[in-house]
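> The structure follows.
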Amino acid sequence: MVQQQTPPTGQRDLDGNPVPDAPDLSWMDKTLGWGIKARVEPFGGGMTIDALNVGVYAEVPDHIPFRNRLPRGAYPAPGAGSIGGYYLQDKHEQWAECAGRLYEEGISRRWSTATDVPWDTAYDLPGDVELAICQVATELSQHASVETEVVSGWLQNLSPGYHEVKLYLSTATYDAARMFEGYRKRAMLNGGGMMLESPGGMNRTIMETYAGWSQTVLGMWFVRNALDTTILRYLAVHGPSEADRVLAARLIPDRMRMAAYAVDHIRFAISKKPELVIGFQVWLGGVEFAQARDLRDPVLTEALAIIFGGSVAGMDEGMKVVRRMLQDFVKMYLSRCKQANLDRSKSLSGAFQGMLSGMAPPPRPQA
Amino acid sequence: MATEAKSEKYITTFQQLMEEGRKNGYRLDWLLPRETFGAQINSNAEAGGLLLQDIDRGPFAQIPDWSDNMTGRPRGATTRPNAARIGNYSIRTKADIWLKNASQLYEEAVQRQWSSAVDVPWETMEELPDDIERAECQLATFLTEVEFVAGDVPGKWISETTPDYYEPRMFLISQIMDEARHMDVFRKRAFANGGGLMSQTTNVALSGGAIDSARDFTEMSARLHISGEGLVLSIFRMGERMSYNDAEKAIYRLAASDESRHVAFGVMHLQYLAQTDPQRKEEIHSYLDEIELGLVAGTGGQNPAQRGTPSNAALAILLGGGSDAASIEEGGQIALAVRQRQVKEYVQRIKVAGLGDRFENGRANATLAAYVSA
Ligand SMILES: [Fe+2]
Ligand SMILES: [Fe+2]
């Protein structure tokens, strides 16, 4: 430590340690770029994180050669070691150009499930519709819970050198937490509570991808997120109460930011390493399989059919809406793949093709 | 009870509905009301809306002392026998992470979110003397480096904790959000006024790892929430004295309000553990021994007021108003007062946590007493 290099003068502090003559001020010249003045955004956006990327600080390197918390552009301290973690040191493993903007947008569009949903409009719905909402709420809440575990668990692996990504993923975790508690609140509002847990195949697929953040992004935010966002879009229109419609509608922009990061990141990764496409394609085949298997379990689609059809008696009509919804889900997923230069249209799994054609889930045999 | 009677009536209704649906080829075996069905919750728009702490009841409010939830299901949900055991959670004992009022702390965090882009009056900043600007930027570099320890590390523990204890998880997620903003706001400060980033602090990288590498949540929480963030909170609370404009004052005030929640989490968790699992008290005391050593000898790496570091010299310059010997001397005296305040606040927190006996029985580090009485 600096203090030990300075000869003591005989004066001692309260700890009994020698007090140096004068503090070491050699740090005052240790900067890689001085005289920077970042500009406040002219149209009310304030001081944004991207506005700091000026001069020598504008460069975002392809590789971060440190495994500690060195802020990008700070003067590296000699002898600063590795503190473990942070093994994703390459830009292509995490970067998305839009991360800083998504971070600021997440903060400026913050909202609260406690006060921004007109909960008192969701009392006294018909019993079957209420239970169906509780079942959907249970699954959406669980999806979001898994998402908080996964994204927060990855933070320790992503290099602080790409702080925009870490910042955005912090808001993404927080947004996912809001979906978790928003749907728990909805389920508890009339005492229906948490019903049957989610089938779990997709949860497993998302969690068992600790080998690669990009693969996690594909499973969680290309596929699962497209399903959840589509469900939310349909609930924003067909929700049985104002509260149900508002809750779903408010969650959609949160979901869309995740999708924007995901598409931007995968496109960037492929642009840097085109060979990644092969592995991504194989991986997505597996993810589609897991998602299709979960959807073959009828619980979620039956619950949605009750909501869209207005009752158990209206389920046949409701199921037609579910089929359109699943069709929209696959379209949304394919569009994300295409935007990321990862074309799935020729290798789409049979089950996804079925949904895309509006045939899944298959019509029930009449008794 | 009214709820039960209601529920029986519902079950009959739902059995009829299920039969009706089955005739049409649907399965509907999930369409069964739980025992709380029909018990409405007042969404209480006047009293802060529908809050997390008010919603759970019946089986959903039962927090198990030991969690067997390996599938990641939401607490109270009905289980599926075929669900994969994906959880692999290492935190499945309530006392290991629990505290009273975590939901309240989460909802408070939600209400008090702020934006470093627009809630800091950046336009009020005017050019500062070069040595002051360099000291500001050094301190900002230090803070932007250390702030996200408190995001990355809780992140790891969230993924290790069963969702049966979702309340502390939710609080820790709000903390990640807060720390992102702290990492961001201090980076913004470094670039806002004609400066730039300065030097990384060697021992932050080295001993910052003590928080990262803790193998037990309470050990980590004591190091992070009580020690690291407690020290930083004491400094933020002195923000008025080291600010040279309204922007800096706003940064310290807003960050302090977040940090006080993070410290409160640590204190309340320690308090819960000390009350419910007293046989762990000795072990916790031994973590506190290490923490106190860090407090007095400055081995923690998390303390900007730690002697011999660039951030300590920067603090002295900011508090004394210049980099000449007399100003630094004066600033150093004020910095000493900051360290006294840090120690006093630490002692108070440990007492509130129910571990204050160490200050009576001679176990606490003797140098602490010198700080408190100085
Ligand atoms: Fe912080
Ligand atoms: Fe904090």
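Just so we're on the same page: first chain in the structure tokens is A, next is B, and so on; residues restart at 1 for each chain, and ligands are numbered from 1 in the order they show up.
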Region 100-194 of chain B: which residues are alpha helix (DSSP H) by DSSP, as a PyMOL selection string?

chain B and resi 102-111+130-146+149-158+166-192

> Within 12 Å of ligand 2, counting only C-alpha atoms and all ligand atoms, which protein or nucleic acid residues do you find, written as a PyMOL selection string?

chain B and resi 109+143-144+146-154+171-183+221+223-234+236+254-266+302

> Set the cut-off to 6 Å and count only C-alpha atoms: what are the residues of chain B that reach chain A? Output as an NGL selection string.

:B and (23-25 or 36-41 or 49-51 or 55 or 73-74 or 77-79 or 83 or 86 or 117-118 or 145 or 152 or 155-156 or 159 or 173 or 176-177 or 180 or 191-200 or 202 or 205-206 or 209 or 308)

> Given only C-alpha atoms as the basis, pick out the residue of B:Leu99, B:Ala369, B:Asp212, B:Asn312 nearest to Leu336 (chain B).

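Looking at the shortest contact to Leu336 (chain B), the residue is B:Asn312.
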
> What's around region 58-62 of chain B at 7 Å? Count only C-alpha atoms, leave out sequence neighbours fewer than 2 positions away in its own chain, and write the answer as an MDAnalysis selection string.

chainID B and resid 36 56 64 75:76

> Hey, which of B:Phe217, B:Ile251, B:Tyr371, B:Met242 ends up closest to ligand 1? Count only C-alpha atoms and all ligand atoms.

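Checking each candidate against ligand 1, we get B:Ile251 as the closest.
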
> Please, what distance in Å, to one decimal, runs between CA of Leu31 (chain B) and CA of Ile11 (chain B)?

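About the pair CA of Leu31 (chain B) and CA of Ile11 (chain B): they are 9.4 Å apart.
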
> Go through B:Glu136, B:Asp68, B:Asp184, B:Glu20 one by one, measure the shortest atom-to-atom distance of each to ligand 1 using only C-alpha atoms and all ligand atoms, and give the residue with the smallest value.

B:Asp184

> Which of these, B:Lys281, B:Arg34, B:Arg80, B:Arg253, has the shortest distance to ligand 1 once you count only C-alpha atoms and all ligand atoms?

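Looking only at the distances to ligand 1, the closest residue turns out to be B:Arg253.
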
> Using only C-alpha atoms, determine which residues lie at most 8 Å from region 362-364 of chain B, disregarding the query and same-chain residues fewer than 4 positions distant; provide the list as a JSON list (two decimals) with all heavy atoms, in the first residue's frame.


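Below is the file part.json, written as the result:
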```json
[["chain", "number", "residue", "atom", "x", "y", "z"],
["B", 289, "ASP", "N", -15.62, -10.16, 13.61],
["B", 289, "ASP", "CA", -14.21, -9.93, 13.99],
["B", 289, "ASP", "C", -13.41, -9.48, 12.76],
["B", 289, "ASP", "O", -12.64, -8.52, 12.81],
["B", 289, "ASP", "CB", -13.57, -11.21, 14.54],
["B", 289, "ASP", "CG", -14.20, -11.65, 15.87],
["B", 289, "ASP", "OD1", -14.86, -10.81, 16.52],
["B", 289, "ASP", "OD2", -14.01, -12.83, 16.23],
["B", 292, "GLU", "N", -14.42, -5.99, 11.55],
["B", 292, "GLU", "CA", -13.89, -4.91, 12.39],
["B", 292, "GLU", "C", -12.40, -4.69, 12.13],
["B", 292, "GLU", "O", -11.91, -3.56, 12.16],
["B", 292, "GLU", "CB", -14.16, -5.21, 13.87],
["B", 292, "GLU", "CG", -15.64, -5.09, 14.19],
["B", 292, "GLU", "CD", -16.01, -5.48, 15.61],
["B", 292, "GLU", "OE1", -15.10, -5.75, 16.41],
["B", 292, "GLU", "OE2", -17.22, -5.51, 15.89],
["B", 358, "ARG", "N", -21.00, -8.02, 21.95],
["B", 358, "ARG", "CA", -19.56, -7.97, 21.67],
["B", 358, "ARG", "C", -18.94, -6.65, 22.13],
["B", 358, "ARG", "O", -17.73, -6.59, 22.36],
["B", 358, "ARG", "CB", -19.26, -8.24, 20.20],
["B", 358, "ARG", "CG", -19.87, -7.25, 19.22],
["B", 358, "ARG", "CD", -19.70, -7.70, 17.77],
["B", 358, "ARG", "NE", -18.34, -7.61, 17.30],
["B", 358, "ARG", "CZ", -17.58, -8.65, 17.01],
["B", 358, "ARG", "NH1", -18.06, -9.87, 17.12],
["B", 358, "ARG", "NH2", -16.34, -8.50, 16.60],
["B", 368, "LEU", "N", -11.94, 0.22, 17.93],
["B", 368, "LEU", "CA", -13.25, 0.83, 17.67],
["B", 368, "LEU", "C", -13.60, 1.81, 18.77],
["B", 368, "LEU", "O", -14.12, 2.90, 18.52],
["B", 368, "LEU", "CB", -14.34, -0.24, 17.59],
["B", 368, "LEU", "CG", -14.35, -1.18, 16.39],
["B", 368, "LEU", "CD1", -15.53, -2.13, 16.50],
["B", 368, "LEU", "CD2", -14.42, -0.40, 15.10]]
```

> Mind pulling up the distance from CA of Ser311 (chain B) to CA of Tyr244 (chain B)?

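Answer for the CA of Tyr244 (chain B) to CA of Ser311 (chain B) separation: 16.8 Å.
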
> Enter the distance from CA of Phe268 (chain A) to CA of Trp95 (chain A), in Å, rounded to one decimal.

7.1 Å

> Of the residues B:Val267, B:Val338, B:Ala313, B:Ile235, which is the one nearest to ligand 1, using only C-alpha atoms and all ligand atoms?

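Smallest distance to ligand 1 is found for B:Ile235.
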
> Using only C-alpha atoms and all ligand atoms, which of the listed residues (B:Tyr252, B:Leu52, B:Arg134, B:Glu126) sits closest to ligand 1?

B:Tyr252
